[in-house]
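Below is one structure; the comments refer to it alone.
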Amino acid sequence: MDHHQITYLLNIFAQYVRCFTLKELADFAGPDSDAETLKHSLLADSRFVQLSERDSNQAHFISNRSLFQWFCRLSVRLAQAKQTRLDKRQLALLMSSLRINDRWNTPPTEAVQFGSHFGFVARSYAANEYVFPIAHILSFMPHGLANYTTRRIMEAVSADITDVYWSFERLAQESIEKVFAHFTENECYVIKAREGILTAEKMTLEQVGIRQGVTRQRVNQIESRLWHRLRHPTRARFFCTALICSIISRQGSLIVLKNSPESFLSGFLARFAHVPQAEFPRSKMLILGASPKDVALLPKSTGVIHEDIDTDSIATRLDAQRQLCVTSNDLKTLAENIAQFRRKRLTKGQMAYLALRAIGRPARCSEITEVYNTLFPEQPTAEYNLHAVLGRERCGVVWIGIRSTFALREWGYEHPSVTLFDAATGIVQEKFRETAQPVPFTIIIAEMGKRRRLVNSASLVVATQCNPNLRRIGKDSFLPKEPSDEIQEEISAEELDRILREFEKKDDKRPIEQNLTSISGKESHPSRFSHALLSLREKLASLRH
């Protein structure tokens, strides 16, 4: 087959309304056709979309014009049935009507991507589910008006739909101008100025009257007469077509920014299609196809701070309410606005919680401060300020017994009920009662691990060796101190202190030697005086320590 024959053959199949395989194309071409040449020509032709099946090696092809028209007809059917959500199995079953034999178990990815480009279908935030924004908008129109609108759009699409990827916005503008062409220039100015189409701001009757050189009452009369003429069914059809074309040009997005030229035009066109429009709470966005009752169902706070400001969590809860039929991108935009609004209202304690949670483990205040300033650069804080906030132990934050170290209660940490000194004392007393033997330091470490999830080893050494309730035996073993031991040490310390005071009162060596003799009961050599005094002072210092 030569090039002209292949082109003629592909032109025929470009008008085919169903899918076909390469084998069907080769069979139609005849026995003398070259399958490889046909396949290469078919894949290079932009008028065709290849639909592959996950569980099959056999690919199907369909013209993009036929697939576009199929999505238009599907949208009308779904709008009539008020069904704007389908799961994966349902969509695959409907798309199987494009095949002559057999059916798809899952929707072909290429077909879904093609429909998503024009806003006919989009993935929902829920798994294995699809939403149909165009069908949702058509569902508000009378059935005859919805049919007429989609038919006009299908007629505007040429044989090669790639030529109109960019032109739906132009088609919308042409449809609007066809209506305004039946009115005078002054009449067009009045209605466009009053609806904000001209200046992205709705002008008052008085402002329009000043521009036109007439009274505000006259402007009101002109506007009332124009609305009566604009609502005529033959003109309303053009506005409905313009509305659908504008949504297709935005790839199915039903969200417009409030007080923007796009929002005023969409609001004007939506009136003729009977499509509601509502402002999303706490944002500057308008949603087509949503009533105030729908958008009032803003997800309430769950009491879990990180979920209340998490975009995915908010979007999932918005989608679960099934009140809004918007694309996943639109839903994410709404969720981001809610999260941003809530982030601005966080207390310092909540922000500290989020910083600690972002670290994911117990951390010192210095590290938490660094992460805090990274997460909230618009509200930086100093370490000592954040330490005071963390010390209040709010929003699930707890001090875990180590200096300036905090964790979250949801991780299983608790504020220690007793001090480290008391905990060490309790362990030694308990083990001594069980074994009647000195308690090694290794046993104290093991038992402390059962009482606290995190312990500073240096702090534990201090809590045992400097513990007034414990007596060190040997190198690293301890006994609970008996009350009599404490009394004896106190008496010895007082006695030594009295002796030293007596020594310091003496000026000559002889009385000092006599005192030493009276203390020891033996004669003390004068040369030993300084050594005895030093020894007593060291003993007293150690007891006091």
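Simple scheme: letters A, B, ... for chains in structure tokens order, numbers from 1 for residues in each chain, numbers from 1 for ligands in the order shown.
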- [ ] Write out as an MDAnalysis selection string the residues lying within 12 Å of Arg151 (chain A), counting only C-alpha atoms and excluding same-chain residues fewer than 4 positions away.
- [x] chainID A and resid 68:73 75:76 144:147 155:157 237:238 240:241 244
For the residues selected in the previous step, produce a file with N, CA and C atoms as a compact mmCIF listing (two decimals), in the first residue's frame.
```
# COMPACT_ATOMS: atom_id res chain seq x y z
N PHE A 68 -14.14 11.89 22.37
CA PHE A 68 -14.66 13.14 22.92
C PHE A 68 -16.19 13.13 22.89
N GLN A 69 -16.75 12.73 21.78
CA GLN A 69 -18.22 12.70 21.67
C GLN A 69 -18.82 11.66 22.62
N TRP A 70 -18.11 10.55 22.82
CA TRP A 70 -18.61 9.54 23.76
C TRP A 70 -18.67 10.13 25.17
N PHE A 71 -17.65 10.87 25.58
CA PHE A 71 -17.66 11.50 26.90
C PHE A 71 -18.77 12.55 27.02
N CYS A 72 -19.06 13.27 25.91
CA CYS A 72 -20.17 14.23 25.94
C CYS A 72 -21.49 13.52 26.19
N ARG A 73 -21.72 12.44 25.46
CA ARG A 73 -22.98 11.70 25.63
C ARG A 73 -23.07 11.06 27.01
N SER A 75 -21.74 12.23 29.75
CA SER A 75 -22.03 13.30 30.71
C SER A 75 -23.51 13.62 30.75
N VAL A 76 -24.16 13.63 29.59
CA VAL A 76 -25.60 13.90 29.55
C VAL A 76 -26.37 12.79 30.25
N GLY A 144 -33.46 18.96 27.99
CA GLY A 144 -33.35 19.46 26.63
C GLY A 144 -32.23 20.46 26.46
N LEU A 145 -32.05 21.32 27.45
CA LEU A 145 -30.98 22.32 27.39
C LEU A 145 -29.61 21.66 27.49
N ALA A 146 -29.48 20.63 28.33
CA ALA A 146 -28.21 19.91 28.45
C ALA A 146 -27.87 19.20 27.14
N ASN A 147 -28.87 18.60 26.49
CA ASN A 147 -28.66 17.93 25.21
C ASN A 147 -28.20 18.92 24.15
N GLU A 155 -20.49 19.56 17.73
CA GLU A 155 -20.45 20.09 16.36
C GLU A 155 -19.28 21.03 16.15
N ALA A 156 -18.86 21.70 17.22
CA ALA A 156 -17.75 22.65 17.09
C ALA A 156 -16.40 21.95 17.01
N VAL A 157 -16.38 20.67 17.41
CA VAL A 157 -15.13 19.92 17.40
C VAL A 157 -14.86 19.40 15.99
N ARG A 237 -29.33 29.32 25.61
CA ARG A 237 -28.56 28.16 25.13
C ARG A 237 -27.10 28.54 24.86
N PHE A 238 -26.92 29.73 24.28
CA PHE A 238 -25.56 30.16 23.98
C PHE A 238 -24.76 30.39 25.27
N CYS A 240 -25.28 28.86 28.13
CA CYS A 240 -25.00 27.55 28.72
C CYS A 240 -23.83 26.88 28.00
N THR A 241 -23.81 27.02 26.68
CA THR A 241 -22.67 26.48 25.91
C THR A 241 -21.38 27.16 26.33
N ILE A 244 -20.15 25.70 29.74
CA ILE A 244 -19.51 24.38 29.65
C ILE A 244 -18.15 24.50 28.97
```
Open item on the list: What's around Asn220 (chain A) at 12 Å? Count only C-alpha atoms, leave out sequence neighbours fewer than 3 positions away in its own chain, and write the answer as a list of chain:residue names.
Closed with: A:Glu187, A:Val190, A:Ile191, A:Arg194, A:Thr204, A:Leu205, A:Glu206, A:Gln207, A:Val208, A:Gly209, A:Val214, A:Thr215, A:Arg216, A:Gln217, A:Glu223, A:Ser224, A:Arg225, A:Leu226, A:Trp227
Task: Nearby residues (only C-alpha atoms) at most 12 Å from Arg170 (chain A), same-chain spacing under 2 positions excluded, as a VMD selection string - done: chain A and resid 156 164 to 168 172 to 177 241 to 243 245 to 246 248 to 249
Could you save those same residues with N, CA and C atoms as a PDB file, in the first residue's frame?
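Contents of the output file selection_37.pdb:
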```pdb
ATOM      1  N   ALA A 156     -18.863  21.697  17.222  1.00  0.00           N
ATOM      2  CA  ALA A 156     -17.753  22.647  17.094  1.00  0.00           C
ATOM      3  C   ALA A 156     -16.400  21.952  17.010  1.00  0.00           C
ATOM      4  N   VAL A 164      -8.417  21.876  18.667  1.00  0.00           N
ATOM      5  CA  VAL A 164      -9.249  22.689  19.555  1.00  0.00           C
ATOM      6  C   VAL A 164      -8.866  22.519  21.016  1.00  0.00           C
ATOM      7  N   TYR A 165      -7.702  21.918  21.298  1.00  0.00           N
ATOM      8  CA  TYR A 165      -7.254  21.817  22.679  1.00  0.00           C
ATOM      9  C   TYR A 165      -7.197  23.198  23.339  1.00  0.00           C
ATOM     10  N   TRP A 166      -6.861  24.199  22.564  1.00  0.00           N
ATOM     11  CA  TRP A 166      -6.653  25.540  23.100  1.00  0.00           C
ATOM     12  C   TRP A 166      -7.851  26.450  22.897  1.00  0.00           C
ATOM     13  N   SER A 167      -8.854  26.004  22.122  1.00  0.00           N
ATOM     14  CA  SER A 167      -9.853  26.940  21.604  1.00  0.00           C
ATOM     15  C   SER A 167     -11.181  26.937  22.344  1.00  0.00           C
ATOM     16  N   PHE A 168     -11.339  26.164  23.410  1.00  0.00           N
ATOM     17  CA  PHE A 168     -12.637  26.157  24.085  1.00  0.00           C
ATOM     18  C   PHE A 168     -12.926  27.489  24.762  1.00  0.00           C
ATOM     19  N   ALA A 172     -16.182  29.761  23.979  1.00  0.00           N
ATOM     20  CA  ALA A 172     -17.050  30.369  24.995  1.00  0.00           C
ATOM     21  C   ALA A 172     -17.246  31.853  24.710  1.00  0.00           C
ATOM     22  N   GLN A 173     -16.174  32.540  24.347  1.00  0.00           N
ATOM     23  CA  GLN A 173     -16.282  33.974  24.063  1.00  0.00           C
ATOM     24  C   GLN A 173     -17.139  34.222  22.828  1.00  0.00           C
ATOM     25  N   GLU A 174     -17.007  33.388  21.823  1.00  0.00           N
ATOM     26  CA  GLU A 174     -17.815  33.548  20.615  1.00  0.00           C
ATOM     27  C   GLU A 174     -19.300  33.341  20.910  1.00  0.00           C
ATOM     28  N   SER A 175     -19.617  32.378  21.760  1.00  0.00           N
ATOM     29  CA  SER A 175     -21.021  32.137  22.108  1.00  0.00           C
ATOM     30  C   SER A 175     -21.621  33.338  22.829  1.00  0.00           C
ATOM     31  N   ILE A 176     -20.836  33.968  23.707  1.00  0.00           N
ATOM     32  CA  ILE A 176     -21.321  35.152  24.431  1.00  0.00           C
ATOM     33  C   ILE A 176     -21.525  36.316  23.477  1.00  0.00           C
ATOM     34  N   GLU A 177     -20.568  36.519  22.570  1.00  0.00           N
ATOM     35  CA  GLU A 177     -20.665  37.644  21.636  1.00  0.00           C
ATOM     36  C   GLU A 177     -21.818  37.478  20.657  1.00  0.00           C
ATOM     37  N   THR A 241     -23.807  27.020  26.680  1.00  0.00           N
ATOM     38  CA  THR A 241     -22.669  26.484  25.915  1.00  0.00           C
ATOM     39  C   THR A 241     -21.376  27.157  26.329  1.00  0.00           C
ATOM     40  N   ALA A 242     -21.425  28.464  26.534  1.00  0.00           N
ATOM     41  CA  ALA A 242     -20.231  29.201  26.956  1.00  0.00           C
ATOM     42  C   ALA A 242     -19.768  28.744  28.333  1.00  0.00           C
ATOM     43  N   LEU A 243     -20.711  28.455  29.224  1.00  0.00           N
ATOM     44  CA  LEU A 243     -20.344  27.998  30.571  1.00  0.00           C
ATOM     45  C   LEU A 243     -19.618  26.663  30.507  1.00  0.00           C
ATOM     46  N   CYS A 245     -18.045  25.331  27.930  1.00  0.00           N
ATOM     47  CA  CYS A 245     -16.756  25.513  27.249  1.00  0.00           C
ATOM     48  C   CYS A 245     -15.711  26.118  28.179  1.00  0.00           C
ATOM     49  N   SER A 246     -16.126  27.054  29.024  1.00  0.00           N
ATOM     50  CA  SER A 246     -15.170  27.659  29.962  1.00  0.00           C
ATOM     51  C   SER A 246     -14.690  26.633  30.986  1.00  0.00           C
ATOM     52  N   ILE A 248     -14.504  23.351  30.405  1.00  0.00           N
ATOM     53  CA  ILE A 248     -13.604  22.464  29.657  1.00  0.00           C
ATOM     54  C   ILE A 248     -12.232  23.102  29.507  1.00  0.00           C
ATOM     55  N   SER A 249     -12.201  24.406  29.246  1.00  0.00           N
ATOM     56  CA  SER A 249     -10.912  25.091  29.095  1.00  0.00           C
ATOM     57  C   SER A 249     -10.115  25.077  30.394  1.00  0.00           C
TER      58      SER A 249
END
```
- [ ] Determine which residues of region 356-477 of chain A DSSP labels as alpha helix (DSSP H) from the backbone of this structure, then write them out as a ChimeraX atom specification.
- [x] /A:356-359,365-375,383-391,420-435,441-451,457-465
Open item on the list: For a test of reading the model, state the distance in Å between CA of Leu346 (chain A) and CA of Val371 (chain A), rounded to one decimal.
Closed with: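 So the two atoms, CA of Leu346 (chain A) and CA of Val371 (chain A), lie 16.1 Å apart.
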Open item on the list: With only C-alpha atoms as the counted atoms, please give the residues lying no more than 8 Å from Val428 (chain A), apart from itself and same-chain residues fewer than 5 positions off, as a ChimeraX atom specification.
Closed with: /A:439,444,470,478-480
Could you take the residues named above and write them with C-alpha atoms, as an mmCIF file, in the first residue's frame?
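Okay, again.cif is ready:
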```
data_model
loop_
_atom_site.group_PDB
_atom_site.id
_atom_site.type_symbol
_atom_site.label_atom_id
_atom_site.label_comp_id
_atom_site.auth_asym_id
_atom_site.auth_seq_id
_atom_site.Cartn_x
_atom_site.Cartn_y
_atom_site.Cartn_z
ATOM 1 C CA VAL A 439 22.613 -3.911 95.076
ATOM 2 C CA ILE A 444 19.809 -0.374 89.338
ATOM 3 C CA LEU A 470 22.015 5.296 99.948
ATOM 4 C CA PHE A 478 24.741 0.262 97.291
ATOM 5 C CA LEU A 479 22.751 -0.325 100.455
ATOM 6 C CA PRO A 480 19.833 1.636 101.829
#
```
Task: Å distance separating CA of Leu375 (chain A) from CA of Ala355 (chain A), one decimal place - done: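 Interatomic distance, CA of Leu375 (chain A) to CA of Ala355 (chain A): 7.1 Å.
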